[in-house]
file start_24.cif (mmCIF, C-alpha atoms and all ligand atoms)
data_model
loop_
_atom_site.label_atom_id
_atom_site.label_comp_id
_atom_site.auth_asym_id
_atom_site.auth_seq_id
_atom_site.Cartn_x
_atom_site.Cartn_y
_atom_site.Cartn_z
CA MET Y 1 8.69 77.21 34.36
CA PHE Y 2 5.79 75.35 32.83
CA GLY Y 3 5.32 72.12 30.94
CA ARG Y 4 5.02 68.38 31.10
CA GLY Y 5 8.33 66.97 32.28
CA SER Y 6 9.64 70.35 33.46
CA PHE Y 7 10.38 68.71 36.83
CA ASN Y 8 13.38 67.11 35.08
CA GLN Y 9 14.93 70.57 34.82
CA LEU Y 10 14.86 71.22 38.56
CA GLY Y 11 18.49 70.15 38.97
CA ASP Y 12 19.63 72.65 36.32
CA VAL Y 13 17.51 75.40 37.83
CA ILE Y 14 19.03 75.14 41.28
CA ALA Y 15 22.60 74.44 40.05
CA SER Y 16 23.28 78.16 39.63
CA LYS Y 17 22.15 78.76 43.24
CA ARG Y 18 24.58 76.29 44.77
CA LEU Y 19 26.92 79.10 45.75
CA THR Y 20 28.28 78.53 49.25
CA PRO Y 21 31.00 75.96 49.93
CA ASP Y 22 29.77 73.25 52.35
CA SER Y 23 26.19 74.39 51.84
CA TYR Y 24 23.33 72.30 50.59
CA PHE Y 25 19.70 72.34 49.42
CA VAL Y 26 16.76 71.20 51.54
CA PHE Y 27 14.03 69.25 49.74
CA VAL Y 28 10.78 69.71 51.67
CA LEU Y 29 8.75 66.79 50.37
CA ASP Y 30 5.13 65.91 51.20
CA ASP Y 31 5.50 62.52 52.91
CA VAL Y 32 2.76 61.13 50.66
CA PHE Y 33 5.69 60.65 48.24
CA THR Y 34 7.91 58.75 50.68
CA GLY Y 35 9.09 55.60 48.89
CA LYS Y 36 7.35 56.73 45.67
CA PRO Y 37 9.11 57.28 42.30
CA LEU Y 38 9.06 61.08 42.70
CA GLU Y 39 11.31 60.83 45.75
CA LYS Y 40 13.97 59.08 43.66
CA ARG Y 41 13.75 61.76 40.97
CA LEU Y 42 14.81 64.58 43.34
CA PRO Y 43 18.07 66.12 42.05
CA MET Y 44 19.85 65.63 45.36
CA GLN Y 45 23.62 65.77 45.65
CA GLY Y 46 26.43 66.21 48.19
CA ARG Y 47 25.12 67.29 51.57
CA ASP Y 48 21.54 67.94 50.41
CA LEU Y 49 18.90 67.23 53.03
CA LEU Y 50 15.61 65.43 52.40
CA LEU Y 51 12.98 66.74 54.80
CA PRO Y 52 9.73 64.75 54.55
CA VAL Y 53 6.79 66.70 55.98
CA ASN Y 54 3.42 65.50 57.14
CA VAL Y 55 0.36 67.54 56.23
CA ASP Y 56 -2.41 65.46 57.82
CA ASP Y 57 -2.96 68.65 59.81
CA GLU Y 58 -2.55 71.98 58.07
CA PRO Y 59 0.79 73.62 58.96
CA LYS Y 60 1.20 74.94 62.50
CA THR Y 61 3.74 77.51 63.66
CA SER Y 62 5.08 74.96 66.18
CA TYR Y 63 5.77 72.54 63.31
CA ILE Y 64 7.64 75.22 61.33
CA ASP Y 65 9.77 76.04 64.37
CA LYS Y 66 10.57 72.35 64.81
CA LEU Y 67 11.59 71.92 61.16
CA VAL Y 68 13.79 75.02 61.26
CA ALA Y 69 15.50 73.68 64.40
CA GLN Y 70 16.03 70.37 62.60
CA ILE Y 71 17.80 72.14 59.72
CA ARG Y 72 19.94 74.18 62.13
CA ALA Y 73 20.90 70.99 63.97
CA TYR Y 74 21.82 69.34 60.68
CA SER Y 75 24.45 71.93 59.85
CA PRO Y 76 25.82 75.22 61.21
CA VAL Y 77 25.89 76.39 57.57
CA LYS Y 78 22.66 77.80 56.16
CA PRO Y 79 21.18 76.02 53.15
CA ASP Y 80 21.62 77.71 49.78
CA GLY Y 81 18.01 76.96 48.99
CA ILE Y 82 14.75 75.26 49.87
CA VAL Y 83 12.59 73.32 47.41
CA GLY Y 84 8.98 72.64 48.41
CA ILE Y 85 7.31 69.71 46.65
CA GLY Y 86 3.66 69.03 47.43
CA GLY Y 87 0.27 70.69 47.78
CA GLY Y 88 -0.52 74.08 49.31
CA SER Y 89 0.37 72.92 52.82
CA THR Y 90 3.86 71.77 51.81
CA LEU Y 91 4.46 74.90 49.73
CA ASP Y 92 3.49 77.05 52.72
CA ILE Y 93 5.85 75.04 54.95
CA ALA Y 94 8.69 75.58 52.45
CA LYS Y 95 7.97 79.31 52.33
CA ALA Y 96 7.84 79.65 56.11
CA ILE Y 97 11.09 77.67 56.62
CA SER Y 98 12.94 79.82 54.09
CA LEU Y 99 11.77 82.97 55.90
CA MET Y 100 12.51 81.71 59.40
CA LEU Y 101 16.07 80.65 58.55
CA ASN Y 102 16.87 84.35 58.17
CA ASN Y 103 14.60 85.85 60.83
CA PRO Y 104 14.89 85.37 64.62
CA GLY Y 105 12.23 84.00 66.98
CA SER Y 106 9.16 81.88 66.32
CA SER Y 107 7.15 81.83 63.10
CA ALA Y 108 4.14 82.81 65.24
CA ASP Y 109 5.78 86.23 65.75
CA TYR Y 110 5.38 86.94 62.03
CA GLN Y 111 1.74 86.01 61.44
CA GLY Y 112 0.41 89.21 59.96
CA TRP Y 113 1.35 91.72 57.29
CA ASP Y 114 4.92 92.78 56.50
CA LEU Y 115 6.40 91.82 59.86
CA ILE Y 116 9.33 89.96 58.25
CA LYS Y 117 12.50 92.07 58.35
CA ASN Y 118 15.09 90.02 56.45
CA PRO Y 119 14.87 88.47 52.98
CA SER Y 120 14.31 84.72 52.87
CA VAL Y 121 16.63 81.96 51.73
CA TYR Y 122 16.17 81.20 47.99
CA HIS Y 123 13.11 78.97 47.60
CA VAL Y 124 11.44 77.04 44.81
CA ALA Y 125 7.87 75.73 44.46
CA VAL Y 126 6.96 72.43 42.84
CA PRO Y 127 3.18 71.97 43.22
CA THR Y 128 1.77 68.44 43.13
CA LEU Y 129 -1.83 69.64 43.60
CA ALA Y 130 -3.44 72.55 41.79
CA GLY Y 131 -5.85 75.13 43.10
CA THR Y 132 -4.62 77.02 46.15
CA GLY Y 133 -2.41 79.44 44.22
CA ALA Y 134 0.10 79.04 47.08
CA GLU Y 135 2.81 78.76 44.41
CA ILE Y 136 2.35 82.43 43.51
CA SER Y 137 0.90 84.10 46.62
CA ARG Y 138 2.77 86.32 49.09
CA THR Y 139 1.45 84.45 52.10
CA ALA Y 140 2.32 81.28 54.00
CA ILE Y 141 -0.81 80.33 55.91
CA LEU Y 142 -0.12 78.97 59.40
CA THR Y 143 -2.15 78.00 62.43
CA GLY Y 144 -0.58 79.56 65.50
CA PRO Y 145 -1.29 79.43 69.22
CA VAL Y 146 -3.95 82.14 68.97
CA LYS Y 147 -4.89 82.48 65.32
CA LYS Y 148 -4.81 81.08 61.82
CA LEU Y 149 -3.12 83.76 59.76
CA GLY Y 150 -0.49 83.91 57.08
CA ILE Y 151 3.02 85.32 57.09
CA ASN Y 152 2.32 87.95 54.43
CA SER Y 153 5.36 89.67 52.94
CA ASP Y 154 7.14 90.29 49.66
CA TYR Y 155 9.88 87.95 50.88
CA THR Y 156 7.36 85.11 51.14
CA LEU Y 157 7.11 84.83 47.35
CA PHE Y 158 8.92 81.92 45.73
CA HIS Y 159 11.97 82.81 43.61
CA GLN Y 160 11.19 80.08 41.10
CA ILE Y 161 8.12 77.97 40.30
CA VAL Y 162 8.16 74.68 38.42
CA LEU Y 163 4.68 73.83 37.10
CA ASP Y 164 4.75 70.28 35.79
CA PRO Y 165 1.20 69.01 35.10
CA GLU Y 166 2.48 65.42 35.10
CA LEU Y 167 2.82 65.68 38.88
CA LEU Y 168 -0.97 65.84 39.25
CA ALA Y 169 -1.39 62.28 37.97
CA GLY Y 170 -2.53 60.04 40.80
CA VAL Y 171 -4.21 62.67 42.97
CA PRO Y 172 -7.38 61.06 44.40
CA THR Y 173 -10.51 62.52 42.74
CA ASP Y 174 -11.93 64.00 45.95
CA GLN Y 175 -8.71 65.85 46.79
CA TRP Y 176 -8.31 66.98 43.16
CA PHE Y 177 -11.83 68.39 43.26
CA TYR Y 178 -11.57 70.14 46.66
CA THR Y 179 -8.26 71.82 45.85
CA GLY Y 180 -9.49 72.70 42.34
CA MET Y 181 -12.62 74.26 43.82
CA ASP Y 182 -10.43 76.43 46.02
CA CYS Y 183 -9.31 78.01 42.76
CA TYR Y 184 -12.83 78.25 41.33
CA ILE Y 185 -13.99 79.96 44.54
CA HIS Y 186 -11.00 82.35 44.50
CA ASP Y 187 -12.16 83.42 41.04
CA ILE Y 188 -15.83 83.85 41.96
CA GLU Y 189 -15.02 85.76 45.15
CA SER Y 190 -12.49 87.98 43.41
CA LEU Y 191 -14.64 88.73 40.36
CA GLN Y 192 -17.82 89.35 42.34
CA GLY Y 193 -16.09 91.40 45.04
CA THR Y 194 -16.17 95.15 45.53
CA PHE Y 195 -12.33 95.33 45.37
CA ILE Y 196 -12.31 94.16 41.74
CA ASN Y 197 -10.00 95.96 39.30
CA GLU Y 198 -8.65 95.31 35.79
CA PHE Y 199 -5.59 93.42 37.06
CA SER Y 200 -7.63 90.95 39.12
CA LYS Y 201 -10.35 90.74 36.49
CA ALA Y 202 -7.90 89.83 33.73
CA TYR Y 203 -6.44 86.93 35.70
CA GLY Y 204 -9.71 85.91 37.38
CA GLU Y 205 -11.70 85.67 34.15
CA LYS Y 206 -9.07 83.49 32.47
CA SER Y 207 -8.78 81.30 35.54
CA LEU Y 208 -12.56 80.87 35.68
CA GLU Y 209 -12.69 79.94 32.00
CA LEU Y 210 -10.03 77.27 32.60
CA CYS Y 211 -11.89 75.93 35.67
CA ARG Y 212 -15.05 75.56 33.58
CA GLN Y 213 -13.11 73.59 30.97
CA VAL Y 214 -11.60 71.37 33.66
CA PHE Y 215 -14.68 70.70 35.76
CA LEU Y 216 -17.57 70.89 33.28
CA GLU Y 217 -15.97 69.63 30.05
CA ASP Y 218 -13.61 66.79 29.15
CA HIS Y 219 -10.10 67.65 28.00
CA PRO Y 220 -7.07 65.36 27.83
CA ASP Y 221 -4.88 68.25 29.00
CA LYS Y 222 -7.08 69.13 31.97
CA ASP Y 223 -4.12 68.98 34.39
CA ASP Y 224 -2.24 71.59 32.34
CA LYS Y 225 -5.33 73.77 32.43
CA LEU Y 226 -5.83 73.38 36.18
CA MET Y 227 -2.22 74.29 36.94
CA MET Y 228 -2.58 77.53 35.00
CA ALA Y 229 -6.01 78.19 36.53
CA SER Y 230 -4.46 77.91 39.99
CA TYR Y 231 -1.64 80.29 39.14
CA PHE Y 232 -3.99 82.84 37.57
CA GLY Y 233 -6.48 82.52 40.43
CA GLY Y 234 -3.64 83.31 42.83
CA MET Y 235 -2.70 86.32 40.73
CA SER Y 236 -6.32 87.49 40.74
CA ILE Y 237 -6.70 87.49 44.53
CA ALA Y 238 -3.22 88.96 44.96
CA TYR Y 239 -4.67 92.30 43.90
CA SER Y 240 -8.20 91.88 45.22
CA GLN Y 241 -9.47 89.63 48.01
CA VAL Y 242 -11.48 86.51 48.68
CA GLY Y 243 -14.89 86.75 50.36
CA ALA Y 244 -17.60 85.16 52.50
CA CYS Y 245 -16.79 81.57 51.64
CA HIS Y 246 -13.16 81.87 52.68
CA ALA Y 247 -14.08 83.72 55.86
CA LEU Y 248 -16.51 80.93 56.83
CA SER Y 249 -14.02 78.22 55.91
CA TYR Y 250 -11.45 79.75 58.28
CA GLY Y 251 -13.96 79.31 61.14
CA LEU Y 252 -14.53 75.66 60.16
CA SER Y 253 -10.81 75.12 59.98
CA TYR Y 254 -9.94 76.84 63.26
CA VAL Y 255 -12.59 75.08 65.35
CA LEU Y 256 -12.97 71.72 63.59
CA GLY Y 257 -9.59 71.35 61.86
CA ILE Y 258 -11.30 71.02 58.47
CA HIS Y 259 -8.84 71.48 55.59
CA HIS Y 260 -8.95 74.54 53.38
CA GLY Y 261 -10.23 73.06 50.10
CA ILE Y 262 -13.00 70.90 51.52
CA GLY Y 263 -13.87 73.66 54.01
CA CYS Y 264 -14.41 76.10 51.15
CA CYS Y 265 -16.62 73.55 49.36
CA ILE Y 266 -18.71 72.96 52.51
CA ALA Y 267 -19.23 76.69 53.08
CA PHE Y 268 -19.82 77.58 49.42
CA ASP Y 269 -22.73 75.14 49.16
CA TYR Y 270 -24.66 77.32 51.66
CA LEU Y 271 -23.92 80.67 50.04
CA GLU Y 272 -26.51 80.74 47.27
CA GLU Y 273 -27.83 84.06 48.63
CA ILE Y 274 -24.47 85.74 48.04
CA TYR Y 275 -23.10 83.87 45.01
CA PRO Y 276 -26.22 82.46 43.27
CA ALA Y 277 -24.69 81.77 39.83
CA GLY Y 278 -21.42 80.47 41.28
CA VAL Y 279 -23.14 78.08 43.68
CA GLU Y 280 -25.41 76.76 40.92
CA GLU Y 281 -22.41 76.07 38.69
CA PHE Y 282 -20.43 74.57 41.60
CA ARG Y 283 -23.26 72.10 42.21
CA ARG Y 284 -23.16 71.04 38.56
CA MET Y 285 -19.42 70.46 38.93
CA MET Y 286 -20.00 68.36 42.08
CA GLU Y 287 -22.61 66.32 40.26
CA LYS Y 288 -20.39 65.70 37.24
CA HIS Y 289 -17.59 64.39 39.45
CA LYS Y 290 -19.91 62.55 41.88
CA ILE Y 291 -18.67 64.45 44.91
CA SER Y 292 -20.70 64.33 48.10
CA LEU Y 293 -19.82 66.71 50.89
CA PRO Y 294 -19.90 65.91 54.60
CA ARG Y 295 -22.98 67.37 56.31
CA GLN Y 296 -24.17 68.22 59.83
CA LEU Y 297 -20.69 69.10 60.99
CA THR Y 298 -21.77 71.64 63.57
CA VAL Y 299 -24.66 69.66 65.08
CA GLY Y 300 -22.80 68.50 68.18
CA LEU Y 301 -21.03 71.78 68.89
CA ASP Y 302 -21.76 73.75 72.05
CA ASP Y 303 -22.46 77.50 72.07
CA LYS Y 304 -18.87 78.35 72.97
CA ALA Y 305 -17.43 76.51 69.98
CA LEU Y 306 -20.03 78.02 67.64
CA ASP Y 307 -19.30 81.45 69.05
CA LEU Y 308 -15.56 80.99 68.40
CA MET Y 309 -16.36 79.92 64.85
CA VAL Y 310 -18.42 83.06 64.24
CA THR Y 311 -15.75 85.28 65.79
CA THR Y 312 -13.01 83.68 63.67
CA ALA Y 313 -15.00 84.27 60.48
CA LEU Y 314 -16.11 87.83 61.29
CA ASN Y 315 -12.60 88.89 62.31
CA LEU Y 316 -11.61 88.63 58.64
CA VAL Y 317 -12.73 92.18 57.94
CA PRO Y 318 -11.18 92.70 54.46
CA LEU Y 319 -12.86 89.54 53.17
CA TRP Y 320 -16.30 90.73 54.26
CA GLU Y 321 -15.67 94.22 53.02
CA ASN Y 322 -14.71 92.86 49.62
CA CYS Y 323 -17.78 90.65 49.57
CA LEU Y 324 -20.49 92.93 50.95
CA GLY Y 325 -19.07 96.46 50.85
CA PRO Y 326 -18.09 98.93 53.58
CA ASP Y 327 -21.35 98.48 55.53
CA TRP Y 328 -20.89 94.68 55.61
CA GLN Y 329 -21.51 94.50 59.37
CA LYS Y 330 -25.14 95.47 58.81
CA LYS Y 331 -25.49 92.68 56.27
CA MET Y 332 -23.50 89.88 57.93
CA THR Y 333 -24.56 90.05 61.56
CA ARG Y 334 -23.38 87.51 64.14
CA GLU Y 335 -26.88 85.98 64.01
CA ARG Y 336 -26.76 85.50 60.24
CA CYS Y 337 -23.27 84.05 60.41
CA LEU Y 338 -24.32 81.65 63.20
CA ALA Y 339 -27.39 80.58 61.20
CA LEU Y 340 -25.15 79.76 58.23
CA TYR Y 341 -22.84 77.65 60.39
CA LYS Y 342 -25.79 75.85 61.96
CA ARG Y 343 -26.94 74.74 58.50
CA MET Y 344 -23.54 73.18 57.77
P1 LIG R 401 -2.63 69.88 51.00
O1 LIG R 401 -1.30 70.37 50.63
O2 LIG R 401 -3.11 70.12 52.39
O3 LIG R 401 -2.68 68.31 50.69
C1 LIG R 401 -3.91 67.60 50.80
C2 LIG R 401 -3.63 66.10 50.74
O4 LIG R 401 -3.21 65.72 49.42
C3 LIG R 401 -2.50 65.67 51.66
O5 LIG R 401 -2.87 64.46 52.26
C4 LIG R 401 -1.31 65.48 50.74
O6 LIG R 401 -0.39 64.55 51.24
C5 LIG R 401 -2.00 64.96 49.49
N1 LIG R 401 -1.28 65.16 48.21
C6 LIG R 401 -0.55 66.21 47.77
N2 LIG R 401 -0.12 66.02 46.51
C7 LIG R 401 -0.57 64.79 46.14
C8 LIG R 401 -0.44 64.03 44.94
N3 LIG R 401 0.17 64.48 43.84
N4 LIG R 401 -1.01 62.79 44.93
C9 LIG R 401 -1.69 62.32 46.00
N5 LIG R 401 -1.85 63.02 47.14
C10 LIG R 401 -1.30 64.24 47.21
O7 LIG R 401 -3.77 70.40 49.99
P2 LIG R 401 -4.01 71.76 49.23
O8 LIG R 401 -5.46 71.84 49.03
O9 LIG R 401 -3.13 71.89 48.04
O10 LIG R 401 -3.52 72.87 50.23
C11 LIG R 401 -4.28 73.31 51.34
C12 LIG R 401 -3.37 74.15 52.18
O11 LIG R 401 -2.95 75.29 51.44
C13 LIG R 401 -3.96 74.65 53.46
O12 LIG R 401 -3.01 74.52 54.49
C14 LIG R 401 -4.24 76.12 53.18
O13 LIG R 401 -4.19 76.91 54.34
C15 LIG R 401 -3.14 76.45 52.22
N6 LIG R 401 -3.44 77.54 51.30
C16 LIG R 401 -2.47 78.43 51.08
C17 LIG R 401 -2.67 79.50 50.23
C18 LIG R 401 -1.60 80.48 50.03
O14 LIG R 401 -1.79 81.43 49.28
N7 LIG R 401 -0.47 80.34 50.66
C19 LIG R 401 -3.90 79.63 49.56
C20 LIG R 401 -4.88 78.68 49.78
C21 LIG R 401 -4.65 77.63 50.65
ZN ZN R 402 -8.44 79.47 49.10
#

call {"tool": "encode", "arguments": {"input": "start_24.cif", "output": "structure tokens", "more": "lines below"}}
Ligand code: NAD
Ligand code: ZN
result
Amino acid sequence: MFGRGSFNQLGDVIASKRLTPDSYFVFVLDDVFTGKPLEKRLPMQGRDLLLPVNVDDEPKTSYIDKLVAQIRAYSPVKPDGIVGIGGGSTLDIAKAISLMLNNPGSSADYQGWDLIKNPSVYHVAVPTLAGTGAEISRTAILTGPVKKLGINSDYTLFHQIVLDPELLAGVPTDQWFYTGMDCYIHDIESLQGTFINEFSKAYGEKSLELCRQVFLEDHPDKDDKLMMASYFGGMSIAYSQVGACHALSYGLSYVLGIHHGIGCCIAFDYLEEIYPAGVEEFRRMMEKHKISLPRQLTVGLDDKALDLMVTTALNLVPLWENCLGPDWQKKMTRERCLALYKRM
């Protein structure tokens, strides 16, 4: 569903899914909205459970396991549905909870591809930030005890998505920019990658066009545009892959805890050799919105930490292959990767 005010239809949307007697819906709400008007607009009724989540740190498998236990303790009956309301982190939490309610063990057991055996509980996405494409992707990205990797499966996909551009009002400019650039970088990495195909190109080109309108021009409906850009960017990478920037941002995130959007911006600014036109345009976007990125993040790191960062990035084989081709290892050596990190 798309449109200003479409959030008001959420109650109607889930009404037809309230099927089990004594069951309930769980509203997974980014705690940034605690006590805010949006919280009061949730279409809660009966035994529905409000589950505020904190995303100061990106979602961890231990946090998912804790939230699932909390729902199980709340009622022996399974919820009829989960609604995730927030940015990419909250949407990923909602996806992971809905999977884990129907699959045994810890969420860490399912980090990988197609490891989930049973379909998820019905789940709905309501993004309040735009850019990650988490509303449409088949992954729920989690940091586990040994790796940062998504639960990738067809069951991860949301059953329903409510895109209401009004929900983007009030996002601080920096956060709006970082998450929006995640989308811009998805497009550049998809379109310039070796895995590109007509499906990904169709969505990626439209998403890129919308990003340019949002970040280089002035439009009163820029939030509508960014929501669609995010969705299309997600569709584009669904059938291709991201590239060098995302691989490097995973290393920053794993070792330094830097969030996805800002991590992508930090890494992208040093990738002019690989994405010259994209980086030039990105810098114009930063200038227009007066964004300054943190620098010298790796200065105090010892060799072990830097080594782990390089390993984390280079382990993402499909991303490098998409970016640099099958002989990527000759082009992105450990030394080159380390040199890039040292500049950050
Ligand atoms: P986020 O969800 O981590 O939120 C960033 C900050 O913005 C938080 O402090 C949050 O409370 C706040 N926030 C959210 N909505 C707000 C609003 N309307 N007004 C004010 N503040 C608001 O940010 P994100 O960039 O959307 O998501 C990043 C996460 O998404 C990472 O965990 C990343 O791993 C994940 N991700 C997932 C996919 C996927 O396909 N599943 C793709 C890319 C990134
Ligand atoms: Zn991304």

call {"tool": "closest_residue", "arguments": {"input": "start_24.cif", "among": "Y:Ser292, Y:Ser137, Y:Ser190, Y:Asn322", "to": "Met235 of chain Y", "atoms": "only C-alpha atoms"}}
result
Y:Ser137

call {"tool": "closest_atom_pairs", "arguments": {"input": "start_24.cif", "of": "chain Y", "to": "ligand LIG 401 (chain R)", "cutoff": "6 Å", "atoms": "all atoms listed in the file", "output": "JSON lines"}}
result
{"residue": "Y:Asp30", "atom": "CA", "partner": "R:LIG401", "partner_atom": "O6", "distance": 5.7}
{"residue": "Y:Val32", "atom": "CA", "partner": "R:LIG401", "partner_atom": "O6", "distance": 4.7}
{"residue": "Y:Val55", "atom": "CA", "partner": "R:LIG401", "partner_atom": "C3", "distance": 5.7}
{"residue": "Y:Asp56", "atom": "CA", "partner": "R:LIG401", "partner_atom": "O5", "distance": 5.7}
{"residue": "Y:Glu58", "atom": "CA", "partner": "R:LIG401", "partner_atom": "O12", "distance": 4.4}
{"residue": "Y:Pro59", "atom": "CA", "partner": "R:LIG401", "partner_atom": "O12", "distance": 5.9}
{"residue": "Y:Gly86", "atom": "CA", "partner": "R:LIG401", "partner_atom": "N2", "distance": 4.9}
{"residue": "Y:Gly87", "atom": "CA", "partner": "R:LIG401", "partner_atom": "O1", "distance": 3.3}
{"residue": "Y:Gly88", "atom": "CA", "partner": "R:LIG401", "partner_atom": "O10", "distance": 3.4}
{"residue": "Y:Ser89", "atom": "CA", "partner": "R:LIG401", "partner_atom": "O1", "distance": 3.8}
{"residue": "Y:Thr90", "atom": "CA", "partner": "R:LIG401", "partner_atom": "O1", "distance": 5.5}
{"residue": "Y:Asp92", "atom": "CA", "partner": "R:LIG401", "partner_atom": "N7", "distance": 5.5}
{"residue": "Y:Thr128", "atom": "CA", "partner": "R:LIG401", "partner_atom": "N3", "distance": 4.3}
{"residue": "Y:Leu129", "atom": "CA", "partner": "R:LIG401", "partner_atom": "N2", "distance": 4.9}
{"residue": "Y:Thr132", "atom": "CA", "partner": "R:LIG401", "partner_atom": "C20", "distance": 4.0}
{"residue": "Y:Gly133", "atom": "CA", "partner": "R:LIG401", "partner_atom": "O14", "distance": 5.5}
{"residue": "Y:Ala134", "atom": "CA", "partner": "R:LIG401", "partner_atom": "C18", "distance": 3.7}
{"residue": "Y:Ser137", "atom": "CA", "partner": "R:LIG401", "partner_atom": "O14", "distance": 4.6}
{"residue": "Y:Thr139", "atom": "CA", "partner": "R:LIG401", "partner_atom": "N7", "distance": 4.8}
{"residue": "Y:Ala140", "atom": "CA", "partner": "R:LIG401", "partner_atom": "N7", "distance": 4.5}
{"residue": "Y:Ile141", "atom": "CA", "partner": "R:LIG401", "partner_atom": "O13", "distance": 5.1}
{"residue": "Y:Leu167", "atom": "CA", "partner": "R:LIG401", "partner_atom": "N3", "distance": 5.8}
{"residue": "Y:Leu168", "atom": "CA", "partner": "R:LIG401", "partner_atom": "N3", "distance": 4.9}
{"residue": "Y:Gly170", "atom": "CA", "partner": "R:LIG401", "partner_atom": "N4", "distance": 5.2}
{"residue": "Y:Val171", "atom": "CA", "partner": "R:LIG401", "partner_atom": "N4", "distance": 3.8}
{"residue": "Y:Thr179", "atom": "CA", "partner": "R:LIG401", "partner_atom": "O8", "distance": 4.2}
{"residue": "Y:His260", "atom": "CA", "partner": "R:LIG401", "partner_atom": "C14", "distance": 5.0}
{"residue": "Y:Gly261", "atom": "CA", "partner": "R:LIG401", "partner_atom": "O8", "distance": 5.0}

call {"tool": "residues_near_ligand", "arguments": {"input": "start_24.cif", "ligand": "ligand ZN 402 (chain R)", "cutoff": "12 Å", "atoms": "only C-alpha atoms and all ligand atoms", "output": "VMD selection string"}}
result
chain Y and resid 88 to 89 130 to 134 137 139 to 141 178 to 190 230 233 to 234 236 to 238 241 to 250 253 259 to 265 267 to 268 319

call {"tool": "residues_around", "arguments": {"input": "start_24.cif", "residues": "segment 99-103 of chain Y", "least_positions_apart": "6", "cutoff": "12 Å", "atoms": "all atoms listed in the file", "output": "PyMOL selection string"}}
result
chain Y and resi 26+61+64-72+76-82+92-93+109-111+114-123+138-140+151-158

call {"tool": "closest_residue", "arguments": {"input": "start_24.cif", "among": "Y:Leu38, Y:Val83, Y:Leu142, Y:Leu338", "to": "Val310 of chain Y", "atoms": "only C-alpha atoms"}}
result
Y:Leu338

call {"tool": "residues_near_point", "arguments": {"input": "start_24.cif", "point": "(5.8, 78.2, 35.2)", "cutoff": "10 Å", "atoms": "all atoms listed in the file", "output": "list of chain:residue names"}}
result
Y:Met1, Y:Phe2, Y:Gly3, Y:Ser6, Y:Ala125, Y:Val126, Y:Glu135, Y:Ile136, Y:Gln160, Y:Ile161, Y:Val162, Y:Leu163, Y:Asp164, Y:Met227, Y:Met228, Y:Tyr231

call {"tool": "atom_distance", "arguments": {"input": "start_24.cif", "atom1": "atom CA of Cys337 of chain Y", "atom2": "atom CA of Tyr270 of chain Y"}}
result
11.1 Å

call {"tool": "atom_distance", "arguments": {"input": "start_24.cif", "atom1": "atom CA of Leu10 of chain Y", "atom2": "atom CA of Glu39 of chain Y"}}
result
13.1 Å

call {"tool": "residues_around", "arguments": {"input": "start_24.cif", "residues": "Met332 of chain Y", "least_positions_apart": "3", "cutoff": "12 Å", "atoms": "all atoms listed in the file", "output": "PyMOL selection string"}}
result
chain Y and resi 243-244+247-248+273-274+310-311+313-317+319-321+323-329+335-340

call {"tool": "write_last_selection", "arguments": {"input": "start_24.cif", "atoms": "C-alpha atoms", "output": "mmCIF file, in the coordinates of the input"}}
result
data_model
loop_
_atom_site.group_PDB
_atom_site.id
_atom_site.type_symbol
_atom_site.label_atom_id
_atom_site.label_comp_id
_atom_site.auth_asym_id
_atom_site.auth_seq_id
_atom_site.Cartn_x
_atom_site.Cartn_y
_atom_site.Cartn_z
ATOM 1 C CA GLY Y 243 -14.890 86.750 50.360
ATOM 2 C CA ALA Y 244 -17.600 85.160 52.500
ATOM 3 C CA ALA Y 247 -14.080 83.720 55.860
ATOM 4 C CA LEU Y 248 -16.510 80.930 56.830
ATOM 5 C CA GLU Y 273 -27.830 84.060 48.630
ATOM 6 C CA ILE Y 274 -24.470 85.740 48.040
ATOM 7 C CA VAL Y 310 -18.420 83.060 64.240
ATOM 8 C CA THR Y 311 -15.750 85.280 65.790
ATOM 9 C CA ALA Y 313 -15.000 84.270 60.480
ATOM 10 C CA LEU Y 314 -16.110 87.830 61.290
ATOM 11 C CA ASN Y 315 -12.600 88.890 62.310
ATOM 12 C CA LEU Y 316 -11.610 88.630 58.640
ATOM 13 C CA VAL Y 317 -12.730 92.180 57.940
ATOM 14 C CA LEU Y 319 -12.860 89.540 53.170
ATOM 15 C CA TRP Y 320 -16.300 90.730 54.260
ATOM 16 C CA GLU Y 321 -15.670 94.220 53.020
ATOM 17 C CA CYS Y 323 -17.780 90.650 49.570
ATOM 18 C CA LEU Y 324 -20.490 92.930 50.950
ATOM 19 C CA GLY Y 325 -19.070 96.460 50.850
ATOM 20 C CA PRO Y 326 -18.090 98.930 53.580
ATOM 21 C CA ASP Y 327 -21.350 98.480 55.530
ATOM 22 C CA TRP Y 328 -20.890 94.680 55.610
ATOM 23 C CA GLN Y 329 -21.510 94.500 59.370
ATOM 24 C CA GLU Y 335 -26.880 85.980 64.010
ATOM 25 C CA ARG Y 336 -26.760 85.500 60.240
ATOM 26 C CA CYS Y 337 -23.270 84.050 60.410
ATOM 27 C CA LEU Y 338 -24.320 81.650 63.200
ATOM 28 C CA ALA Y 339 -27.390 80.580 61.200
ATOM 29 C CA LEU Y 340 -25.150 79.760 58.230
#

call {"tool": "axis_aligned_box", "arguments": {"input": "start_24.cif", "around": "segment 189-197 of chain Y", "padding_each_side": "8 Å", "output": "JSON"}}
result
{"center_x": -13.9, "center_y": 90.9, "center_z": 42.4, "size_x": 23.8, "size_y": 26.2, "size_z": 22.2}

call {"tool": "atom_distance", "arguments": {"input": "start_24.cif", "atom1": "atom CA of Ala202 of chain Y", "atom2": "atom CA of Lys225 of chain Y"}}
result
16.3 Å

call {"tool": "closest_residue", "arguments": {"input": "start_24.cif", "among": "Y:Leu297, Y:Leu256, Y:Leu149, Y:Leu49", "to": "Ala73 of chain Y", "atoms": "only C-alpha atoms"}}
result
Y:Leu49
